[in-house]
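Engineer: What follows is protein.txt, made up of compact mmCIF, C-alpha atoms:
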# COMPACT_ATOMS: atom_id res chain seq x y z
CA MET A 1 19.43 48.20 -72.76
CA SER A 2 22.92 46.72 -72.54
CA ALA A 3 23.48 43.45 -70.69
CA LYS A 4 25.84 45.14 -68.19
CA VAL A 5 23.24 47.74 -67.20
CA GLN A 6 20.56 45.05 -66.90
CA VAL A 7 22.80 42.88 -64.72
CA ASP A 8 23.54 45.89 -62.50
CA LYS A 9 19.77 46.43 -62.08
CA TYR A 10 19.41 42.78 -61.06
CA TYR A 11 22.22 43.08 -58.49
CA ALA A 12 20.60 46.21 -57.03
CA ALA A 13 17.27 44.38 -56.86
CA LEU A 14 18.98 41.43 -55.15
CA GLU A 15 20.47 43.75 -52.53
CA ARG A 16 17.05 45.29 -51.84
CA LEU A 17 15.46 41.86 -51.41
CA VAL A 18 18.23 40.78 -49.04
CA ALA A 19 17.84 43.98 -47.00
CA ARG A 20 14.07 43.52 -46.71
CA GLY A 21 14.29 39.80 -46.02
CA ASP A 22 11.92 38.91 -48.84
CA PRO A 23 12.12 35.47 -50.47
CA ILE A 24 14.95 35.30 -52.97
CA ASN A 25 14.88 33.44 -56.29
CA ASN A 26 15.44 34.30 -59.94
CA ASP A 27 11.84 35.40 -60.50
CA THR A 28 11.60 37.69 -57.45
CA VAL A 29 14.88 39.37 -58.39
CA ALA A 30 13.65 39.91 -61.96
CA ILE A 31 10.31 41.34 -60.80
CA GLU A 32 12.05 43.59 -58.26
CA ALA A 33 14.29 44.89 -61.06
CA GLY A 34 11.24 45.70 -63.18
CA SER A 35 11.63 42.84 -65.65
CA GLY A 36 9.29 40.00 -66.33
CA ARG A 37 9.19 36.72 -64.50
CA GLY A 38 11.61 34.27 -66.10
CA SER A 39 13.87 36.89 -67.62
CA ILE A 40 16.86 35.59 -65.66
CA LYS A 41 17.70 32.32 -67.40
CA LYS A 42 20.52 29.90 -66.78
CA SER A 43 21.00 29.53 -70.52
CA ARG A 44 22.27 33.12 -70.79
CA PRO A 45 26.01 33.22 -70.06
CA ALA A 46 25.92 36.89 -69.01
CA TYR A 47 23.78 35.92 -66.01
CA ALA A 48 25.98 33.08 -64.67
CA GLU A 49 27.54 35.17 -61.88
CA LEU A 50 24.18 36.77 -61.07
CA ILE A 51 22.52 33.37 -60.75
CA ALA A 52 25.35 32.19 -58.48
CA ALA A 53 24.88 35.29 -56.31
CA ILE A 54 21.11 34.73 -56.18
CA ASP A 55 21.61 31.08 -55.17
CA ALA A 56 24.12 32.05 -52.48
CA ALA A 57 21.79 34.71 -51.08
CA ALA A 58 18.85 32.29 -51.07
CA LYS A 59 20.93 29.64 -49.31
CA SER A 60 22.16 32.05 -46.62
CA GLN A 61 18.59 33.31 -46.15
CA SER A 62 17.24 29.79 -45.64
CA GLU A 63 20.07 28.94 -43.22
CA ALA A 64 19.32 32.10 -41.24
CA LYS A 65 15.64 31.15 -41.04
CA LEU A 66 16.53 27.65 -39.83
CA ALA A 67 18.87 29.05 -37.19
CA ALA A 68 16.21 31.47 -35.96
CA ASP A 69 13.43 28.86 -35.96
CA PRO A 70 13.00 27.35 -32.46
CA VAL A 71 10.70 24.55 -33.62
CA PRO A 72 13.36 21.90 -34.43
CA GLY A 73 14.98 22.39 -31.03
CA LEU A 74 11.62 22.19 -29.32
CA ARG A 75 10.78 18.99 -31.19
CA GLN A 76 14.03 17.44 -29.97
CA ASP A 77 13.20 18.52 -26.42
CA ILE A 78 9.73 16.94 -26.70
CA GLU A 79 11.20 13.68 -28.01
CA SER A 80 13.76 13.62 -25.21
CA LEU A 81 11.15 14.31 -22.54
CA THR A 82 8.80 11.70 -24.01
CA ARG A 83 11.59 9.12 -23.96
CA ARG A 84 12.44 9.98 -20.34
CA LEU A 85 8.76 9.79 -19.36
CA ASP A 86 8.42 6.35 -20.95
CA GLN A 87 11.51 5.15 -19.08
CA ALA A 88 10.16 6.52 -15.80
CA LEU A 89 6.79 4.84 -16.34
CA GLU A 90 8.52 1.55 -17.13
CA ARG A 91 10.52 1.78 -13.87
CA GLU A 92 7.33 2.61 -12.00
CA LEU A 93 5.55 -0.47 -13.39
CA CYS A 94 8.49 -2.72 -12.49
CA LEU A 95 8.51 -1.36 -8.95
CA LEU A 96 4.75 -1.82 -8.61
CA GLU A 97 5.04 -5.42 -9.76
CA GLU A 98 7.77 -6.00 -7.19
CA VAL A 99 5.61 -4.44 -4.45
CA TYR A 100 2.69 -6.72 -5.34
CA ASP A 101 4.97 -9.77 -5.30
CA LEU A 102 6.42 -8.81 -1.91
CA ARG A 103 2.95 -8.18 -0.48
CA GLU A 104 1.87 -11.65 -1.62
CA LYS A 105 4.96 -13.26 -0.07
CA ASN A 106 4.34 -11.29 3.13
CA ARG A 107 0.72 -12.46 3.21
CA GLN A 108 1.83 -16.08 2.77
CA LEU A 109 4.43 -15.76 5.53
CA GLU A 110 1.90 -14.20 7.90
CA GLU A 111 -0.49 -17.06 7.15
CA ASN A 112 2.26 -19.59 7.85
CA ILE A 113 3.12 -17.86 11.14
CA ARG A 114 -0.55 -17.88 12.13
CA LEU A 115 -0.79 -21.60 11.37
CA LEU A 116 2.40 -22.31 13.33
CA LYS A 117 1.06 -20.43 16.34
CA MET A 118 -2.08 -22.52 16.19
CA GLY A 119 0.04 -25.67 16.20
CA ARG A 120 -0.74 -26.75 12.71
CA LEU A 121 1.89 -28.05 10.38
CA VAL A 122 3.06 -25.94 7.52
CA GLU A 123 4.38 -27.56 4.36
CA VAL A 124 8.06 -27.00 3.78
CA ARG A 125 9.20 -25.82 0.38
Could you show the structure in this file as structure tokens?
Structural biologist:
Amino acid sequence: MSAKVQVDKYYAALERLVARGDPINNDTVAIEAGSGRGSIKKSRPAYAELIAAIDAAAKSQSEAKLAADPVPGLRQDIESLTRRLDQALERELCLLEEVYDLREKNRQLEENIRLLKMGRLVEVR
């Protein structure tokens, strides 16, 4: 079979794979065209354009899968929410510490007021 006819078979097989959404590489195109695995080789100059077309189709297919895949976006959302949760918990802990400090100061002031009402001296700070 002439090289031109064989290359045309490979292009037709590439179009079928693209239409179906099957994985695209040199071996799958060769098998789809009815040839053996490894029959499309980079060392053959007649296949240079075909290999470039296969690489371009594979790249566009992988980009389309990445664009359609929601997982990376969801991972970013999870990281963002985790970061915001950690910040909120840190604020909460700081506020709780401040509440405990103010309660202790309030308790000391109430004790000092009680002692003053009883007529006892309170040390001055």
Engineer: Can you list every residue of segment 8-36 of chain A that has an atom at most 7 Å from segment 51-65 of chain A, with its nearest atom pair and the distance in Å to one decimal, using only C-alpha atoms, ordered by chain then number, as JSON lines?
Structural biologist:
{"residue": "A:Ile24", "atom": "CA", "partner": "A:Ala58", "partner_atom": "CA", "distance": 5.3}
{"residue": "A:Asn25", "atom": "CA", "partner": "A:Ile54", "partner_atom": "CA", "distance": 6.4}
{"residue": "A:Asn26", "atom": "CA", "partner": "A:Ile54", "partner_atom": "CA", "distance": 6.8}
Engineer: So how many Å separate atom CA of Lys42 of chain A and atom CA of Pro23 of chain A, to one decimal?
Structural biologist: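 Between these atoms lies a distance of 19.2 Å.
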Engineer: So that I can check the surroundings of segment 2-17 of chain A, please list as an mmCIF file with C-alpha atoms, keeping the file's coordinate frame every protein, DNA and RNA residue that reaches within 7 Å of it, counting only C-alpha atoms and ignoring chain neighbours fewer than 6 positions away.
Structural biologist:
data_model
loop_
_atom_site.group_PDB
_atom_site.id
_atom_site.type_symbol
_atom_site.label_atom_id
_atom_site.label_comp_id
_atom_site.auth_asym_id
_atom_site.auth_seq_id
_atom_site.Cartn_x
_atom_site.Cartn_y
_atom_site.Cartn_z
ATOM 1 C CA ILE A 24 14.950 35.300 -52.970
ATOM 2 C CA VAL A 29 14.880 39.370 -58.390
ATOM 3 C CA ALA A 30 13.650 39.910 -61.960
ATOM 4 C CA GLU A 32 12.050 43.590 -58.260
ATOM 5 C CA ALA A 33 14.290 44.890 -61.060
#
Engineer: What's the separation between atom CA of Leu66 of chain A and atom CA of Thr82 of chain A, in Å to one decimal place?
Structural biologist: 23.8 Å
Engineer: Give me, please, the distance in Å between atom CA of Arg120 of chain A and atom CA of Arg107 of chain A, quoted to one decimal.
Structural biologist: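 Atom-to-atom, atom CA of Arg120 of chain A to atom CA of Arg107 of chain A, that is 17.2 Å.
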